[in-house]
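S.K.: If it helps, the file is called entry_17.txt and holds compact mmCIF, C-alpha atoms:
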# COMPACT_ATOMS: atom_id res chain seq x y z
CA MET A 1 4.77 97.69 35.58
CA PRO A 2 1.18 98.94 35.81
CA ALA A 3 -0.09 99.91 39.26
CA GLN A 4 -3.43 98.28 40.05
CA LEU A 5 -3.66 98.84 43.81
CA ILE A 6 -2.41 101.57 46.16
CA VAL A 7 -2.03 100.49 49.79
CA THR A 8 -1.23 103.30 52.21
CA ASP A 9 -0.68 103.60 55.92
CA LEU A 10 -2.49 106.50 57.59
CA ASP A 11 -0.72 108.00 60.64
CA ARG A 12 2.47 109.88 59.77
CA THR A 13 2.17 108.67 56.15
CA LEU A 14 -1.01 109.78 54.39
CA LEU A 15 -2.16 111.85 57.36
CA ARG A 16 -0.40 114.99 58.46
CA THR A 17 0.82 115.39 62.02
CA ASP A 18 -2.48 117.05 62.93
CA LYS A 19 -4.33 113.88 61.77
CA THR A 20 -5.81 115.47 58.64
CA PHE A 21 -5.15 115.12 54.94
CA SER A 22 -5.34 117.94 52.45
CA THR A 23 -7.80 118.63 49.67
CA TYR A 24 -4.87 118.13 47.30
CA THR A 25 -4.27 114.61 48.64
CA ILE A 26 -7.96 113.76 48.31
CA ASP A 27 -7.96 115.05 44.72
CA VAL A 28 -4.95 112.95 43.77
CA LEU A 29 -6.40 109.79 45.34
CA ASN A 30 -9.67 110.35 43.50
CA ARG A 31 -7.83 110.90 40.21
CA CYS A 32 -5.89 107.67 40.66
CA ARG A 33 -9.13 105.80 41.19
CA GLU A 34 -10.66 107.40 38.10
CA LYS A 35 -7.79 105.80 36.18
CA GLY A 36 -8.93 102.40 37.48
CA ILE A 37 -6.37 102.04 40.28
CA LYS A 38 -7.86 100.59 43.46
CA LEU A 39 -7.19 102.01 46.95
CA ALA A 40 -6.69 100.37 50.34
CA PHE A 41 -5.84 101.79 53.76
CA ALA A 42 -3.52 99.67 55.93
CA THR A 43 -3.44 100.94 59.48
CA ALA A 44 -3.16 100.06 63.15
CA ARG A 45 -6.44 101.92 63.64
CA LYS A 46 -9.82 100.22 64.02
CA GLU A 47 -12.82 100.68 61.74
CA ARG A 48 -14.55 103.59 63.47
CA ASP A 49 -11.27 105.53 63.68
CA VAL A 50 -10.92 105.30 59.90
CA ALA A 51 -14.51 106.31 59.10
CA ARG A 52 -13.91 110.07 59.12
CA TYR A 53 -11.18 109.72 56.48
CA VAL A 54 -13.24 107.39 54.32
CA GLU A 55 -16.08 109.92 54.27
CA ARG A 56 -13.91 112.54 52.55
CA LEU A 57 -13.23 110.42 49.47
CA ASN A 58 -15.53 110.28 46.44
CA ALA A 59 -16.04 106.59 47.19
CA PRO A 60 -14.96 104.31 50.08
CA PRO A 61 -11.60 102.55 49.71
CA ASP A 62 -11.80 99.25 47.90
CA ALA A 63 -10.26 97.52 50.92
CA LEU A 64 -9.22 98.12 54.52
CA ILE A 65 -6.47 96.38 56.47
CA LEU A 66 -7.24 97.31 60.08
CA ARG A 67 -5.44 96.72 63.36
CA ASN A 68 -2.29 95.75 61.42
CA GLY A 69 -4.12 92.92 59.67
CA THR A 70 -6.35 91.75 62.50
CA GLN A 71 -9.35 92.62 60.33
CA ILE A 72 -9.49 92.83 56.53
CA TYR A 73 -12.42 94.29 54.60
CA ILE A 74 -12.87 94.06 50.85
CA ALA A 75 -15.72 96.04 49.23
CA GLY A 76 -17.13 96.64 52.70
CA GLU A 77 -17.27 92.93 53.60
CA LEU A 78 -15.25 91.51 56.50
CA CYS A 79 -13.30 88.63 54.99
CA VAL A 80 -10.53 87.96 57.54
CA THR A 81 -10.38 88.13 61.34
CA GLN A 82 -7.22 87.17 63.23
CA GLY A 83 -7.59 87.43 67.01
CA ILE A 84 -5.81 86.15 70.10
CA SER A 85 -7.82 83.37 71.75
CA PRO A 86 -9.02 83.95 75.34
CA GLN A 87 -6.72 81.20 76.61
CA THR A 88 -3.62 82.58 74.88
CA ARG A 89 -4.58 86.14 75.81
CA ASP A 90 -4.87 85.27 79.50
CA THR A 91 -1.58 83.36 79.48
CA ILE A 92 0.23 86.38 78.03
CA LEU A 93 -1.43 88.83 80.41
CA ARG A 94 -0.62 86.73 83.50
CA ALA A 95 3.04 86.59 82.47
CA LEU A 96 3.21 90.33 81.80
CA VAL A 97 1.51 91.30 85.08
CA GLN A 98 3.72 88.96 87.07
CA ASN A 99 7.04 89.84 85.45
CA PHE A 100 6.45 93.53 84.63
CA PRO A 101 4.28 94.84 87.48
CA LYS A 102 4.89 98.51 86.58
CA ALA A 103 4.05 98.13 82.89
CA THR A 104 1.02 99.91 81.45
CA ILE A 105 -0.98 97.18 79.74
CA SER A 106 -4.29 97.09 77.91
CA VAL A 107 -6.21 94.63 75.77
CA GLU A 108 -8.85 95.38 73.15
CA ILE A 109 -11.89 93.10 73.00
CA ASN A 110 -14.84 93.98 70.76
CA ASN A 111 -13.82 97.68 70.63
CA THR A 112 -13.66 97.91 74.42
CA LEU A 113 -10.31 98.62 76.02
CA TYR A 114 -9.48 96.85 79.28
CA GLY A 115 -6.42 98.34 80.95
CA ASN A 116 -4.48 98.76 84.15
CA ASP A 117 -3.66 102.44 83.54
CA LYS A 118 -5.67 105.49 82.45
CA LEU A 119 -2.98 106.43 79.91
CA PHE A 120 -4.61 104.39 77.18
CA GLU A 121 -8.11 105.81 77.49
CA LYS A 122 -7.22 109.06 75.71
CA TRP A 123 -4.95 107.38 73.18
CA HIS A 124 -7.37 104.63 72.26
CA ASN A 125 -10.52 106.76 71.95
CA ALA A 126 -12.80 103.92 72.97
CA GLU A 127 -14.81 102.69 75.91
CA ALA A 128 -12.22 101.90 78.58
CA ILE A 129 -12.54 99.74 81.67
CA ARG A 130 -10.00 99.61 84.49
CA THR A 131 -9.11 96.01 85.30
CA ASP A 132 -6.56 93.63 86.78
CA PHE A 133 -7.24 91.30 83.80
CA THR A 134 -8.87 88.56 85.89
CA ASP A 135 -12.43 89.41 84.78
CA LEU A 136 -12.17 89.62 80.98
CA PRO A 137 -14.96 88.28 78.77
CA ASN A 138 -14.40 84.91 77.10
CA ILE A 139 -13.95 86.50 73.68
CA ALA A 140 -10.88 86.68 71.46
CA ALA A 141 -8.79 89.85 71.75
CA SER A 142 -7.70 91.81 68.72
CA ILE A 143 -4.56 93.25 70.32
CA ILE A 144 -2.63 93.58 73.60
CA ILE A 145 -0.80 96.88 74.08
CA ILE A 146 2.18 97.64 76.33
CA GLY A 147 3.65 101.07 76.94
CA ILE A 148 7.39 101.07 76.15
CA ASN A 149 10.22 103.57 75.85
CA SER A 150 12.15 102.35 72.81
CA ILE A 151 12.66 99.48 70.38
CA GLU A 152 15.17 97.96 72.79
CA ASP A 153 12.33 97.29 75.25
CA ILE A 154 10.69 94.85 72.84
CA ALA A 155 13.33 92.17 73.46
CA GLN A 156 12.41 91.77 77.12
CA PHE A 157 8.82 90.82 76.20
CA GLU A 158 9.57 88.47 73.29
CA GLY A 159 10.29 85.50 75.54
CA TYR A 160 6.72 85.60 76.81
CA MET A 161 5.15 85.31 73.36
CA PRO A 162 3.58 81.95 72.44
CA ASP A 163 4.27 80.51 68.99
CA ASP A 164 1.08 81.94 67.47
CA CYS A 165 1.71 85.56 68.60
CA TYR A 166 4.34 88.25 68.12
CA ILE A 167 5.17 91.69 69.51
CA GLU A 168 6.08 94.71 67.40
CA MET A 169 6.84 98.33 68.23
CA SER A 170 4.58 101.16 67.11
CA SER A 171 6.03 104.67 67.27
CA GLY A 172 3.75 107.39 68.62
CA GLU A 173 4.29 111.14 68.75
CA THR A 174 4.61 111.17 72.56
CA GLN A 175 4.47 107.50 73.56
CA HIS A 176 5.72 104.24 72.08
CA PHE A 177 3.82 100.96 72.28
CA GLY A 178 4.42 97.27 71.96
CA PHE A 179 1.60 95.65 69.98
CA ILE A 180 1.00 91.95 70.64
CA MET A 181 -1.03 90.29 67.89
CA HIS A 182 -1.77 86.95 66.28
CA ARG A 183 1.16 85.74 64.18
CA ASP A 184 -0.89 86.05 60.98
CA ALA A 185 -2.06 89.61 61.71
CA THR A 186 0.37 91.84 59.80
CA LYS A 187 -0.03 94.43 57.09
CA TRP A 188 2.03 92.34 54.70
CA ALA A 189 -0.20 89.30 55.32
CA GLY A 190 -3.18 91.57 54.70
CA VAL A 191 -1.74 92.73 51.39
CA GLN A 192 -1.32 89.10 50.34
CA VAL A 193 -4.99 88.49 51.14
CA LEU A 194 -5.96 91.49 49.00
CA SER A 195 -3.76 90.25 46.17
CA ALA A 196 -5.37 86.81 46.19
CA LYS A 197 -8.99 87.86 46.65
CA MET A 198 -8.88 90.89 44.35
CA GLY A 199 -6.86 89.14 41.64
CA ILE A 200 -4.06 91.71 41.67
CA PRO A 201 -0.45 90.50 41.34
CA ILE A 202 1.87 91.57 44.16
CA GLU A 203 4.16 93.24 41.60
CA ASN A 204 1.32 95.58 40.63
CA ILE A 205 0.80 96.84 44.18
CA VAL A 206 2.22 100.17 45.38
CA ALA A 207 2.51 100.66 49.15
CA PHE A 208 3.37 103.62 51.39
CA GLY A 209 4.44 103.56 55.05
CA ASP A 210 6.64 104.94 57.78
CA ASP A 211 6.85 102.59 60.79
CA TYR A 212 7.97 99.14 61.92
CA ASN A 213 4.62 97.59 61.02
CA ASP A 214 5.09 98.79 57.42
CA VAL A 215 8.56 97.37 56.82
CA SER A 216 7.67 93.90 55.51
CA MET A 217 4.89 95.37 53.36
CA LEU A 218 7.23 97.92 51.78
CA GLN A 219 9.87 95.27 51.26
CA HIS A 220 7.72 92.73 49.44
CA VAL A 221 5.20 94.64 47.32
CA GLY A 222 5.96 95.59 43.74
CA THR A 223 6.81 99.18 44.69
CA GLY A 224 7.39 100.23 48.29
CA ILE A 225 7.63 103.94 49.15
CA ALA A 226 8.62 105.35 52.54
CA VAL A 227 7.84 108.93 53.50
CA GLU A 228 10.84 111.11 54.32
CA ASN A 229 9.83 111.15 58.01
CA ALA A 230 9.82 107.33 58.19
CA ILE A 231 12.05 105.30 60.49
CA SER A 232 15.37 104.24 58.99
CA GLU A 233 14.29 100.58 58.80
CA ALA A 234 11.39 101.49 56.51
CA LYS A 235 13.56 103.69 54.30
CA ALA A 236 16.17 100.94 53.99
CA VAL A 237 13.77 98.49 52.30
CA ALA A 238 11.78 100.99 50.23
CA ASN A 239 12.19 101.38 46.48
CA PHE A 240 11.58 105.13 46.74
CA ILE A 241 11.49 107.87 49.37
CA CYS A 242 8.78 110.49 48.93
CA ASP A 243 8.28 113.82 50.69
CA THR A 244 7.10 113.99 54.31
CA ASN A 245 3.56 113.40 55.48
CA ASP A 246 3.19 117.11 56.30
CA ASN A 247 4.14 117.99 52.72
CA ASP A 248 1.63 115.61 51.08
CA GLY A 249 4.42 113.21 50.17
CA VAL A 250 2.15 110.31 49.19
CA ALA A 251 -0.01 112.47 46.91
CA ARG A 252 2.99 114.18 45.30
CA TRP A 253 4.55 110.81 44.45
CA LEU A 254 1.27 109.45 43.08
CA GLU A 255 0.64 112.54 40.98
CA GLU A 256 4.10 112.41 39.46
CA LYS A 257 4.27 108.66 38.86
CA LEU A 258 0.66 107.57 38.29
CA CYS A 259 -1.45 110.63 37.43
CA SER A 260 0.79 112.58 35.07
What is this structure when it is put down as structure tokens?

M.R.:
Amino acid sequence: MPAQLIVTDLDRTLLRTDKTFSTYTIDVLNRCREKGIKLAFATARKERDVARYVERLNAPPDALILRNGTQIYIAGELCVTQGISPQTRDTILRALVQNFPKATISVEINNTLYGNDKLFEKWHNAEAIRTDFTDLPNIAASIIIIGINSIEDIAQFEGYMPDDCYIEMSSGETQHFGFIMHRDATKWAGVQVLSAKMGIPIENIVAFGDDYNDVSMLQHVGTGIAVENAISEAKAVANFICDTNDNDGVARWLEEKLCS
């Protein structure tokens, strides 16, 4: 089936461990686009974190799925925003603070990070404000973040999630996190938005990923590819396994399958 859209995760998928991608990868992406194949990044990162990668391409990606689907841009236009309402946000935070007093917690509101621990300032790379969460602005939050040790920790927080929110693990190099987001903010939901608005059938979408937040996307698109360094859950649902992120796995697969 013809590929019309490439959707790729960034960290530990398209990007190497040092947070760069090679000239070879850029060349392959550009060649795919010259063949008429559109490109989208799907990432847990926010817009300004993605900008430095966008600048290296011949043209900006055709779409961006940011913050795991919290924000979706098509042709540079913001078309979807899925946040956690102030009321729901505060209910979740009160429960977490009361029941997990030692947990490191933060919440992102309008690109400002409000947290109870300095750990997240360096990781988040944004303006950070120390808080006990009683003085937050009356604005929807894009994400609530909890420091965790392993996937098993997620279960203890699930009982505190309202019906319109969910928690999912994100694997970091040195620290793991639980991401709490609106129920409709997922990469897979974002891909469905792109499919509908860009007029591209799901079966003509190729997606790459490595982590828990990529699993449903890899499972349901036309062709799902996990990098060799992906978690086992991502590999289990993928149609193909490509080389590792440090060996330009995404670009090598694209060159062989789509650019040859």

S.K.: Which of these, A:Phe21, A:Lys35, A:Gly159, A:Asn204, has the shortest distance to Asn99 of chain A once you count only C-alpha atoms?

M.R.: A:Gly159

S.K.: Find the residue from A:His176, A:Lys19, A:His182, A:Arg56 that sits nearest to Ala141 of chain A; use only C-alpha atoms when measuring.

M.R.: A:His182

S.K.: Counting only C-alpha atoms, what is within 9 Å of Leu136 of chain A, bar same-chain residues fewer than 6 positions away, as a JSON list (two decimals) with C-alpha atoms, in the frame of the given file?

M.R.:
[["chain", "number", "residue", "atom", "x", "y", "z"],
["A", 86, "PRO", "CA", -9.02, 83.95, 75.34],
["A", 90, "ASP", "CA", -4.87, 85.27, 79.50],
["A", 109, "ILE", "CA", -11.89, 93.10, 73.00],
["A", 114, "TYR", "CA", -9.48, 96.85, 79.28]]

S.K.: Quick one: distance from atom CA of Tyr53 of chain A to atom CA of Leu14 of chain A in Å, one decimal?

M.R.: 10.4 Å

S.K.: What is the atom CA of Ile144 of chain A-atom CA of Met161 of chain A distance in Å, reported with one decimal?

M.R.: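 Straight-line distance from atom CA of Ile144 of chain A to atom CA of Met161 of chain A works out to 11.4 Å.
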
S.K.: Go through A:Arg252, A:Met181, A:Ile143, A:Asn247 and flag the residue nearest Thr17 of chain A, using all atoms listed in the file for the distances.

M.R.: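 Among the listed residues, the smallest separation from Thr17 of chain A belongs to A:Asn247.
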